[in-house]
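Working notes for the structure below.
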Amino acid sequence: MFALTDKTIRASFINVSLRERNSLVVPADLAEVDWSARDYYGWRDPKTPLLGFIVAELDGAAVGLQLRQAEQPTRSRPQCSWCCDVTLPNDVVLFSARRAGKAGRAGDTVGTLLCARFECSRNVRRLDPPPYLGFDAAAARDRRIDVLRTHVDGFFRDLRDGV
């Protein structure tokens with residue numbers, strides 16, 4: 001992922017109003033982020049903890065989405081839809097996001113299960129112990145990274161294009 005700035009992040013959001021975009025609380029530590037180890041950049045708003053924000057690269061440009069966490073917890077421990085990690089050290093919650101454009105203004109939303117603090121990029125890059133002798137852990141990690149990128153891309157395209 002390419003490096004993001006405050007200005008790039010604010011301009012990237014496709015499912016928020018101008019007022020919401022201007023009131024975004026963008027993290028101050030953007031200069032310290034290792035962008036080469038990120039498939040997307042996500043954070044939570046400290047003032048409104050049910051809101052989350054994600055920015056990903058789509059067709060060579062930054063695209064941002066505002067997400068809202070469901071208030072009701074899930075009944076059982078779910079699996080993240082993006083990183084698909086079955087040994088997650090973190091919580092997974094249901095987020096919903098408005099679609100972009102006319103559909104979003106009409107109230108059309110899409111939901112997905114995600115790591116609560118958007119740790120997917122770190123989860124897929126973890127080298128797990130090999131399950132059997134001769135297992136290629138590095139190749140498995142590379143496949144997990146590709147799967148994460150495919151899931152992120154598909155979610156963003158669905159919200160942006162409605163397909």
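Within each chain, counting starts at residue 1; across the structure tokens, chains are named A, B, ... in the order shown, with ligands numbered 1 upward in that order.
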Excluding Arg75 (chain A) and residues on its chain fewer than 4 positions from it, collect all residues at most 12 Å away from it, counting only C-alpha atoms, and give them as a list in words.
-> Val92, Val93 and Leu94 of chain A
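The neighbours of region 111-121 of chain A here are the residues that come within 8 Å of it, using only C-alpha atoms and leaving out any residue fewer than 6 positions away in the same chain; they are Ala37, Arg38, Asp39, Tyr40, Tyr41, Gly42, Trp43, Arg44, Pro78, Gln79, Cys80, Ser81, Trp82, Cys83, Asn90, Asp91, Val92, Val93, Leu94, Phe95, Ser96, Ala97, Ile145 and Leu148 of chain A.
In terms of minimum interatomic distance to Gln69 (chain A), A:Leu50 ranks closest within A:Cys84, A:Leu50, A:Leu24, A:Val152, counting only C-alpha atoms.
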To one decimal place, how far is CA of Arg98 (chain A) from CA of Ala56 (chain A) in Å?
-> 16.2 Å
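CA of Asp29 (chain A) to CA of Thr48 (chain A) spans 19.1 Å [interatomic distance, one decimal].
The two atoms in question, CA of Pro27 (chain A) and CA of Phe156 (chain A), are spaced 21.3 Å apart.
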Exercise: region 99-105 of chain A partners within 6 Å, only C-alpha atoms, chain neighbours under 2 positions left out, as JSON, numbers by chain | {"A": [14, 15, 107, 108, 109, 159, 160]}
Please provide as a PyMOL selection string all residues within 10 Å of Val26 (chain A), with the sequence filter that same-chain residues fewer than 6 positions apart are discarded (counting only C-alpha atoms).
-> chain A and resi 5-7+9-10+43-45+53
Would you please extract all strand (DSSP E or B) residues from region 18-162 of chain A, as assigned by DSSP on the backbone, and give them as a PDB file with all heavy atoms, in the first residue's frame?
ATOM      1  N   TYR A  41      -5.497   0.488   5.599  1.00  0.00           N
ATOM      2  CA  TYR A  41      -5.238   1.208   6.844  1.00  0.00           C
ATOM      3  C   TYR A  41      -6.571   1.425   7.537  1.00  0.00           C
ATOM      4  O   TYR A  41      -7.486   2.018   6.968  1.00  0.00           O
ATOM      5  CB  TYR A  41      -4.550   2.543   6.549  1.00  0.00           C
ATOM      6  CG  TYR A  41      -4.177   3.306   7.789  1.00  0.00           C
ATOM      7  CD1 TYR A  41      -3.213   2.814   8.654  1.00  0.00           C
ATOM      8  CD2 TYR A  41      -4.785   4.504   8.105  1.00  0.00           C
ATOM      9  CE1 TYR A  41      -2.862   3.503   9.807  1.00  0.00           C
ATOM     10  CE2 TYR A  41      -4.440   5.210   9.243  1.00  0.00           C
ATOM     11  CZ  TYR A  41      -3.482   4.694  10.094  1.00  0.00           C
ATOM     12  OH  TYR A  41      -3.141   5.384  11.223  1.00  0.00           O
ATOM     13  N   GLY A  42      -6.680   0.921   8.752  1.00  0.00           N
ATOM     14  CA  GLY A  42      -7.928   1.058   9.496  1.00  0.00           C
ATOM     15  C   GLY A  42      -7.699   1.596  10.887  1.00  0.00           C
ATOM     16  O   GLY A  42      -6.653   1.359  11.498  1.00  0.00           O
ATOM     17  N   TRP A  43      -8.669   2.338  11.410  1.00  0.00           N
ATOM     18  CA  TRP A  43      -8.599   2.861  12.759  1.00  0.00           C
ATOM     19  C   TRP A  43     -10.003   3.096  13.289  1.00  0.00           C
ATOM     20  O   TRP A  43     -10.976   3.110  12.541  1.00  0.00           O
ATOM     21  CB  TRP A  43      -7.762   4.142  12.812  1.00  0.00           C
ATOM     22  CG  TRP A  43      -8.418   5.373  12.250  1.00  0.00           C
ATOM     23  CD1 TRP A  43      -9.080   6.337  12.942  1.00  0.00           C
ATOM     24  CD2 TRP A  43      -8.486   5.767  10.869  1.00  0.00           C
ATOM     25  NE1 TRP A  43      -9.554   7.299  12.085  1.00  0.00           N
ATOM     26  CE2 TRP A  43      -9.198   6.973  10.809  1.00  0.00           C
ATOM     27  CE3 TRP A  43      -8.012   5.199   9.681  1.00  0.00           C
ATOM     28  CZ2 TRP A  43      -9.452   7.624   9.605  1.00  0.00           C
ATOM     29  CZ3 TRP A  43      -8.267   5.852   8.488  1.00  0.00           C
ATOM     30  CH2 TRP A  43      -8.973   7.046   8.459  1.00  0.00           C
ATOM     31  N   ARG A  44     -10.097   3.254  14.608  1.00  0.00           N
ATOM     32  CA  ARG A  44     -11.359   3.541  15.278  1.00  0.00           C
ATOM     33  C   ARG A  44     -11.343   4.986  15.757  1.00  0.00           C
ATOM     34  O   ARG A  44     -10.289   5.534  16.098  1.00  0.00           O
ATOM     35  CB  ARG A  44     -11.552   2.613  16.485  1.00  0.00           C
ATOM     36  CG  ARG A  44     -11.521   1.127  16.166  1.00  0.00           C
ATOM     37  CD  ARG A  44     -12.683   0.669  15.329  1.00  0.00           C
ATOM     38  NE  ARG A  44     -13.931   0.635  16.007  1.00  0.00           N
ATOM     39  CZ  ARG A  44     -14.474  -0.445  16.564  1.00  0.00           C
ATOM     40  NH1 ARG A  44     -13.853  -1.599  16.504  1.00  0.00           N
ATOM     41  NH2 ARG A  44     -15.633  -0.388  17.154  1.00  0.00           N
ATOM     42  N   LEU A  51     -17.625   3.672  15.590  1.00  0.00           N
ATOM     43  CA  LEU A  51     -17.238   4.000  14.220  1.00  0.00           C
ATOM     44  C   LEU A  51     -15.838   3.496  13.922  1.00  0.00           C
ATOM     45  O   LEU A  51     -14.945   3.559  14.767  1.00  0.00           O
ATOM     46  CB  LEU A  51     -17.258   5.513  13.988  1.00  0.00           C
ATOM     47  CG  LEU A  51     -18.613   6.176  13.843  1.00  0.00           C
ATOM     48  CD1 LEU A  51     -18.430   7.661  13.532  1.00  0.00           C
ATOM     49  CD2 LEU A  51     -19.442   5.515  12.793  1.00  0.00           C
ATOM     50  N   GLY A  52     -15.663   2.995  12.710  1.00  0.00           N
ATOM     51  CA  GLY A  52     -14.351   2.585  12.227  1.00  0.00           C
ATOM     52  C   GLY A  52     -14.149   3.147  10.839  1.00  0.00           C
ATOM     53  O   GLY A  52     -15.120   3.440  10.124  1.00  0.00           O
ATOM     54  N   PHE A  53     -12.898   3.294  10.445  1.00  0.00           N
ATOM     55  CA  PHE A  53     -12.577   3.857   9.144  1.00  0.00           C
ATOM     56  C   PHE A  53     -11.505   3.001   8.494  1.00  0.00           C
ATOM     57  O   PHE A  53     -10.558   2.582   9.153  1.00  0.00           O
ATOM     58  CB  PHE A  53     -12.068   5.297   9.293  1.00  0.00           C
ATOM     59  CG  PHE A  53     -13.042   6.182  10.022  1.00  0.00           C
ATOM     60  CD1 PHE A  53     -12.932   6.362  11.387  1.00  0.00           C
ATOM     61  CD2 PHE A  53     -14.072   6.792   9.350  1.00  0.00           C
ATOM     62  CE1 PHE A  53     -13.841   7.163  12.071  1.00  0.00           C
ATOM     63  CE2 PHE A  53     -14.981   7.594  10.016  1.00  0.00           C
ATOM     64  CZ  PHE A  53     -14.863   7.772  11.384  1.00  0.00           C
ATOM     65  N   ILE A  54     -11.661   2.748   7.211  1.00  0.00           N
ATOM     66  CA  ILE A  54     -10.706   1.946   6.467  1.00  0.00           C
ATOM     67  C   ILE A  54     -10.395   2.653   5.157  1.00  0.00           C
ATOM     68  O   ILE A  54     -11.299   3.118   4.469  1.00  0.00           O
ATOM     69  CB  ILE A  54     -11.258   0.546   6.161  1.00  0.00           C
ATOM     70  CG1 ILE A  54     -11.504  -0.220   7.450  1.00  0.00           C
ATOM     71  CG2 ILE A  54     -10.314  -0.231   5.273  1.00  0.00           C
ATOM     72  CD1 ILE A  54     -12.076  -1.593   7.227  1.00  0.00           C
ATOM     73  N   VAL A  55      -9.103   2.708   4.819  1.00  0.00           N
ATOM     74  CA  VAL A  55      -8.669   3.247   3.536  1.00  0.00           C
ATOM     75  C   VAL A  55      -7.829   2.172   2.867  1.00  0.00           C
ATOM     76  O   VAL A  55      -6.935   1.596   3.482  1.00  0.00           O
ATOM     77  CB  VAL A  55      -7.841   4.544   3.708  1.00  0.00           C
ATOM     78  CG1 VAL A  55      -7.383   5.070   2.358  1.00  0.00           C
ATOM     79  CG2 VAL A  55      -8.651   5.592   4.448  1.00  0.00           C
ATOM     80  N   ALA A  56      -8.139   1.882   1.611  1.00  0.00           N
ATOM     81  CA  ALA A  56      -7.397   0.884   0.836  1.00  0.00           C
ATOM     82  C   ALA A  56      -7.086   1.462  -0.537  1.00  0.00           C
ATOM     83  O   ALA A  56      -7.692   2.444  -0.968  1.00  0.00           O
ATOM     84  CB  ALA A  56      -8.209  -0.402   0.692  1.00  0.00           C
ATOM     85  N   GLU A  57      -6.144   0.814  -1.189  1.00  0.00           N
ATOM     86  CA  GLU A  57      -5.792   1.203  -2.548  1.00  0.00           C
ATOM     87  C   GLU A  57      -6.681   0.423  -3.508  1.00  0.00           C
ATOM     88  O   GLU A  57      -6.744  -0.800  -3.457  1.00  0.00           O
ATOM     89  CB  GLU A  57      -4.325   0.890  -2.816  1.00  0.00           C
ATOM     90  CG  GLU A  57      -3.848   1.366  -4.152  1.00  0.00           C
ATOM     91  CD  GLU A  57      -2.369   1.094  -4.361  1.00  0.00           C
ATOM     92  OE1 GLU A  57      -1.660   0.824  -3.388  1.00  0.00           O
ATOM     93  OE2 GLU A  57      -1.942   1.147  -5.529  1.00  0.00           O
ATOM     94  N   LEU A  58      -7.377   1.136  -4.380  1.00  0.00           N
ATOM     95  CA  LEU A  58      -8.268   0.518  -5.351  1.00  0.00           C
ATOM     96  C   LEU A  58      -8.052   1.207  -6.691  1.00  0.00           C
ATOM     97  O   LEU A  58      -8.243   2.420  -6.792  1.00  0.00           O
ATOM     98  CB  LEU A  58      -9.724   0.655  -4.893  1.00  0.00           C
ATOM     99  CG  LEU A  58     -10.779  -0.133  -5.618  1.00  0.00           C
ATOM    100  CD1 LEU A  58     -10.542  -1.632  -5.474  1.00  0.00           C
ATOM    101  CD2 LEU A  58     -12.159   0.203  -5.083  1.00  0.00           C
ATOM    102  N   ALA A  61      -5.769   4.309  -6.581  1.00  0.00           N
ATOM    103  CA  ALA A  61      -6.152   5.476  -5.794  1.00  0.00           C
ATOM    104  C   ALA A  61      -6.609   5.041  -4.405  1.00  0.00           C
ATOM    105  O   ALA A  61      -7.046   3.910  -4.206  1.00  0.00           O
ATOM    106  CB  ALA A  61      -7.279   6.236  -6.486  1.00  0.00           C
ATOM    107  N   ALA A  62      -6.510   5.961  -3.456  1.00  0.00           N
ATOM    108  CA  ALA A  62      -6.985   5.687  -2.100  1.00  0.00           C
ATOM    109  C   ALA A  62      -8.499   5.802  -2.078  1.00  0.00           C
ATOM    110  O   ALA A  62      -9.074   6.759  -2.602  1.00  0.00           O
ATOM    111  CB  ALA A  62      -6.371   6.666  -1.122  1.00  0.00           C
ATOM    112  N   VAL A  63      -9.145   4.798  -1.481  1.00  0.00           N
ATOM    113  CA  VAL A  63     -10.602   4.799  -1.320  1.00  0.00           C
ATOM    114  C   VAL A  63     -10.880   4.530   0.155  1.00  0.00           C
ATOM    115  O   VAL A  63     -10.344   3.575   0.727  1.00  0.00           O
ATOM    116  CB  VAL A  63     -11.281   3.731  -2.200  1.00  0.00           C
ATOM    117  CG1 VAL A  63     -12.780   3.712  -1.960  1.00  0.00           C
ATOM    118  CG2 VAL A  63     -10.981   3.983  -3.661  1.00  0.00           C
ATOM    119  N   GLY A  64     -11.707   5.368   0.769  1.00  0.00           N
ATOM    120  CA  GLY A  64     -12.004   5.227   2.189  1.00  0.00           C
ATOM    121  C   GLY A  64     -13.458   4.903   2.443  1.00  0.00           C
ATOM    122  O   GLY A  64     -14.344   5.322   1.688  1.00  0.00           O
ATOM    123  N   LEU A  65     -13.678   4.139   3.518  1.00  0.00           N
ATOM    124  CA  LEU A  65     -15.030   3.763   3.928  1.00  0.00           C
ATOM    125  C   LEU A  65     -15.205   4.010   5.419  1.00  0.00           C
ATOM    126  O   LEU A  65     -14.295   3.742   6.206  1.00  0.00           O
ATOM    127  CB  LEU A  65     -15.287   2.283   3.659  1.00  0.00           C
ATOM    128  CG  LEU A  65     -15.264   1.808   2.223  1.00  0.00           C
ATOM    129  CD1 LEU A  65     -15.366   0.290   2.172  1.00  0.00           C
ATOM    130  CD2 LEU A  65     -16.381   2.454   1.429  1.00  0.00           C
ATOM    131  N   GLN A  66     -16.369   4.498   5.783  1.00  0.00           N
ATOM    132  CA  GLN A  66     -16.737   4.586   7.194  1.00  0.00           C
ATOM    133  C   GLN A  66     -17.573   3.356   7.519  1.00  0.00           C
ATOM    134  O   GLN A  66     -18.492   3.006   6.774  1.00  0.00           O
ATOM    135  CB  GLN A  66     -17.546   5.840   7.477  1.00  0.00           C
ATOM    136  CG  GLN A  66     -18.030   5.921   8.914  1.00  0.00           C
ATOM    137  CD  GLN A  66     -18.847   7.165   9.158  1.00  0.00           C
ATOM    138  OE1 GLN A  66     -18.328   8.262   9.075  1.00  0.00           O
ATOM    139  NE2 GLN A  66     -20.121   6.981   9.448  1.00  0.00           N
ATOM    140  N   LEU A  67     -17.253   2.708   8.634  1.00  0.00           N
ATOM    141  CA  LEU A  67     -17.977   1.520   9.084  1.00  0.00           C
ATOM    142  C   LEU A  67     -18.606   1.797  10.436  1.00  0.00           C
ATOM    143  O   LEU A  67     -18.107   2.609  11.207  1.00  0.00           O
ATOM    144  CB  LEU A  67     -17.013   0.330   9.225  1.00  0.00           C
ATOM    145  CG  LEU A  67     -16.124  -0.004   8.037  1.00  0.00           C
ATOM    146  CD1 LEU A  67     -15.098  -1.047   8.434  1.00  0.00           C
ATOM    147  CD2 LEU A  67     -16.967  -0.516   6.894  1.00  0.00           C
ATOM    148  N   ARG A  68     -19.692   1.091  10.716  1.00  0.00           N
ATOM    149  CA  ARG A  68     -20.324   1.190  12.031  1.00  0.00           C
ATOM    150  C   ARG A  68     -20.414  -0.204  12.622  1.00  0.00           C
ATOM    151  O   ARG A  68     -20.928  -1.116  11.988  1.00  0.00           O
ATOM    152  CB  ARG A  68     -21.714   1.805  11.934  1.00  0.00           C
ATOM    153  CG  ARG A  68     -22.425   1.882  13.285  1.00  0.00           C
ATOM    154  CD  ARG A  68     -23.668   2.714  13.222  1.00  0.00           C
ATOM    155  NE  ARG A  68     -23.408   4.104  12.944  1.00  0.00           N
ATOM    156  CZ  ARG A  68     -23.007   5.008  13.842  1.00  0.00           C
ATOM    157  NH1 ARG A  68     -22.777   4.646  15.072  1.00  0.00           N
ATOM    158  NH2 ARG A  68     -22.827   6.261  13.487  1.00  0.00           N
ATOM    159  N   GLN A  69     -19.900  -0.348  13.845  1.00  0.00           N
ATOM    160  CA  GLN A  69     -19.950  -1.637  14.528  1.00  0.00           C
ATOM    161  C   GLN A  69     -21.342  -1.882  15.059  1.00  0.00           C
ATOM    162  O   GLN A  69     -21.998  -0.976  15.577  1.00  0.00           O
ATOM    163  CB  GLN A  69     -18.948  -1.657  15.682  1.00  0.00           C
ATOM    164  CG  GLN A  69     -18.947  -2.960  16.446  1.00  0.00           C
ATOM    165  CD  GLN A  69     -17.988  -2.944  17.619  1.00  0.00           C
ATOM    166  OE1 GLN A  69     -16.984  -2.255  17.589  1.00  0.00           O
ATOM    167  NE2 GLN A  69     -18.304  -3.695  18.645  1.00  0.00           N
ATOM    168  N   VAL A  92     -13.479 -10.307  16.864  1.00  0.00           N
ATOM    169  CA  VAL A  92     -14.066 -10.088  15.548  1.00  0.00           C
ATOM    170  C   VAL A  92     -15.482  -9.570  15.786  1.00  0.00           C
ATOM    171  O   VAL A  92     -16.213 -10.117  16.611  1.00  0.00           O
ATOM    172  CB  VAL A  92     -14.093 -11.398  14.725  1.00  0.00           C
ATOM    173  CG1 VAL A  92     -14.855 -11.203  13.435  1.00  0.00           C
ATOM    174  CG2 VAL A  92     -12.680 -11.869  14.453  1.00  0.00           C
ATOM    175  N   VAL A  93     -15.844  -8.500  15.089  1.00  0.00           N
ATOM    176  CA  VAL A  93     -17.154  -7.878  15.274  1.00  0.00           C
ATOM    177  C   VAL A  93     -17.831  -7.655  13.922  1.00  0.00           C
ATOM    178  O   VAL A  93     -17.172  -7.663  12.881  1.00  0.00           O
ATOM    179  CB  VAL A  93     -17.046  -6.537  16.036  1.00  0.00           C
ATOM    180  CG1 VAL A  93     -16.543  -6.752  17.449  1.00  0.00           C
ATOM    181  CG2 VAL A  93     -16.162  -5.563  15.307  1.00  0.00           C
ATOM    182  N   LEU A  94     -19.123  -7.438  13.962  1.00  0.00           N
ATOM    183  CA  LEU A  94     -19.892  -7.155  12.750  1.00  0.00           C
ATOM    184  C   LEU A  94     -19.870  -5.661  12.494  1.00  0.00           C
ATOM    185  O   LEU A  94     -20.230  -4.864  13.363  1.00  0.00           O
ATOM    186  CB  LEU A  94     -21.330  -7.645  12.897  1.00  0.00           C
ATOM    187  CG  LEU A  94     -22.263  -7.326  11.732  1.00  0.00           C
ATOM    188  CD1 LEU A  94     -21.817  -8.075  10.476  1.00  0.00           C
ATOM    189  CD2 LEU A  94     -23.696  -7.672  12.082  1.00  0.00           C
ATOM    190  N   PHE A  95     -19.428  -5.291  11.292  1.00  0.00           N
ATOM    191  CA  PHE A  95     -19.451  -3.906  10.849  1.00  0.00           C
ATOM    192  C   PHE A  95     -20.413  -3.785   9.690  1.00  0.00           C
ATOM    193  O   PHE A  95     -20.557  -4.708   8.889  1.00  0.00           O
ATOM    194  CB  PHE A  95     -18.069  -3.454  10.349  1.00  0.00           C
ATOM    195  CG  PHE A  95     -17.086  -3.136  11.418  1.00  0.00           C
ATOM    196  CD1 PHE A  95     -16.080  -4.031  11.744  1.00  0.00           C
ATOM    197  CD2 PHE A  95     -17.146  -1.928  12.095  1.00  0.00           C
ATOM    198  CE1 PHE A  95     -15.153  -3.737  12.715  1.00  0.00           C
ATOM    199  CE2 PHE A  95     -16.210  -1.619  13.070  1.00  0.00           C
ATOM    200  CZ  PHE A  95     -15.217  -2.527  13.387  1.00  0.00           C
ATOM    201  N   SER A  96     -21.058  -2.632   9.579  1.00  0.00           N
ATOM    202  CA  SER A  96     -21.861  -2.333   8.393  1.00  0.00           C
ATOM    203  C   SER A  96     -21.340  -1.033   7.799  1.00  0.00           C
ATOM    204  O   SER A  96     -20.810  -0.181   8.505  1.00  0.00           O
ATOM    205  CB  SER A  96     -23.345  -2.201   8.745  1.00  0.00           C
ATOM    206  OG  SER A  96     -23.551  -1.118   9.618  1.00  0.00           O
ATOM    207  N   ALA A  97     -21.496  -0.916   6.488  1.00  0.00           N
ATOM    208  CA  ALA A  97     -21.045   0.287   5.787  1.00  0.00           C
ATOM    209  C   ALA A  97     -22.093   0.679   4.759  1.00  0.00           C
ATOM    210  O   ALA A  97     -22.660  -0.190   4.084  1.00  0.00           O
ATOM    211  CB  ALA A  97     -19.707   0.035   5.101  1.00  0.00           C
ATOM    212  N   ARG A  98     -22.347   1.972   4.657  1.00  0.00           N
ATOM    213  CA  ARG A  98     -23.253   2.474   3.616  1.00  0.00           C
ATOM    214  C   ARG A  98     -22.586   2.334   2.269  1.00  0.00           C
ATOM    215  O   ARG A  98     -21.385   2.513   2.126  1.00  0.00           O
ATOM    216  CB  ARG A  98     -23.556   3.957   3.841  1.00  0.00           C
ATOM    217  CG  ARG A  98     -24.489   4.243   4.952  1.00  0.00           C
ATOM    218  CD  ARG A  98     -24.921   5.706   4.931  1.00  0.00           C
ATOM    219  NE  ARG A  98     -23.805   6.623   4.806  1.00  0.00           N
ATOM    220  CZ  ARG A  98     -23.509   7.572   5.677  1.00  0.00           C
ATOM    221  NH1 ARG A  98     -24.235   7.740   6.741  1.00  0.00           N
ATOM    222  NH2 ARG A  98     -22.487   8.367   5.479  1.00  0.00           N
ATOM    223  N   THR A 109     -26.970  -0.719   2.897  1.00  0.00           N
ATOM    224  CA  THR A 109     -25.724  -1.012   3.598  1.00  0.00           C
ATOM    225  C   THR A 109     -25.281  -2.438   3.328  1.00  0.00           C
ATOM    226  O   THR A 109     -26.059  -3.274   2.883  1.00  0.00           O
ATOM    227  CB  THR A 109     -25.867  -0.835   5.127  1.00  0.00           C
ATOM    228  OG1 THR A 109     -26.851  -1.751   5.592  1.00  0.00           O
ATOM    229  CG2 THR A 109     -26.252   0.585   5.494  1.00  0.00           C
ATOM    230  N   VAL A 110     -24.014  -2.699   3.614  1.00  0.00           N
ATOM    231  CA  VAL A 110     -23.430  -4.028   3.500  1.00  0.00           C
ATOM    232  C   VAL A 110     -22.723  -4.310   4.812  1.00  0.00           C
ATOM    233  O   VAL A 110     -22.038  -3.437   5.352  1.00  0.00           O
ATOM    234  CB  VAL A 110     -22.422  -4.098   2.327  1.00  0.00           C
ATOM    235  CG1 VAL A 110     -21.736  -5.444   2.276  1.00  0.00           C
ATOM    236  CG2 VAL A 110     -23.117  -3.804   1.011  1.00  0.00           C
ATOM    237  N   GLY A 111     -22.872  -5.528   5.325  1.00  0.00           N
ATOM    238  CA  GLY A 111     -22.222  -5.911   6.571  1.00  0.00           C
ATOM    239  C   GLY A 111     -21.148  -6.953   6.341  1.00  0.00           C
ATOM    240  O   GLY A 111     -21.201  -7.718   5.379  1.00  0.00           O
ATOM    241  N   THR A 112     -20.168  -6.974   7.241  1.00  0.00           N
ATOM    242  CA  THR A 112     -19.100  -7.964   7.182  1.00  0.00           C
ATOM    243  C   THR A 112     -18.502  -8.140   8.567  1.00  0.00           C
ATOM    244  O   THR A 112     -18.550  -7.225   9.394  1.00  0.00           O
ATOM    245  CB  THR A 112     -18.011  -7.560   6.159  1.00  0.00           C
ATOM    246  OG1 THR A 112     -17.131  -8.653   5.957  1.00  0.00           O
ATOM    247  CG2 THR A 112     -17.239  -6.344   6.594  1.00  0.00           C
ATOM    248  N   LEU A 113     -17.945  -9.315   8.815  1.00  0.00           N
ATOM    249  CA  LEU A 113     -17.253  -9.604  10.066  1.00  0.00           C
ATOM    250  C   LEU A 113     -15.773  -9.271   9.895  1.00  0.00           C
ATOM    251  O   LEU A 113     -15.120  -9.788   8.983  1.00  0.00           O
ATOM    252  CB  LEU A 113     -17.412 -11.078  10.435  1.00  0.00           C
ATOM    253  CG  LEU A 113     -18.819 -11.506  10.811  1.00  0.00           C
ATOM    254  CD1 LEU A 113     -18.940 -13.015  10.783  1.00  0.00           C
ATOM    255  CD2 LEU A 113     -19.194 -10.954  12.178  1.00  0.00           C
ATOM    256  N   LEU A 114     -15.256  -8.397  10.764  1.00  0.00           N
ATOM    257  CA  LEU A 114     -13.853  -7.958  10.668  1.00  0.00           C
ATOM    258  C   LEU A 114     -13.192  -7.970  12.037  1.00  0.00           C
ATOM    259  O   LEU A 114     -13.862  -7.872  13.060  1.00  0.00           O
ATOM    260  CB  LEU A 114     -13.766  -6.535  10.117  1.00  0.00           C
ATOM    261  CG  LEU A 114     -14.238  -6.290   8.704  1.00  0.00           C
ATOM    262  CD1 LEU A 114     -14.130  -4.820   8.359  1.00  0.00           C
ATOM    263  CD2 LEU A 114     -13.443  -7.124   7.737  1.00  0.00           C
ATOM    264  N   CYS A 115     -11.875  -8.032  12.021  1.00  0.00           N
ATOM    265  CA  CYS A 115     -11.103  -7.885  13.247  1.00  0.00           C
ATOM    266  C   CYS A 115     -11.444  -6.525  13.861  1.00  0.00           C
ATOM    267  O   CYS A 115     -11.481  -5.516  13.157  1.00  0.00           O
ATOM    268  CB  CYS A 115      -9.613  -7.975  12.957  1.00  0.00           C
ATOM    269  SG  CYS A 115      -9.081  -9.594  12.368  1.00  0.00           S
TER     270      CYS A 115
END
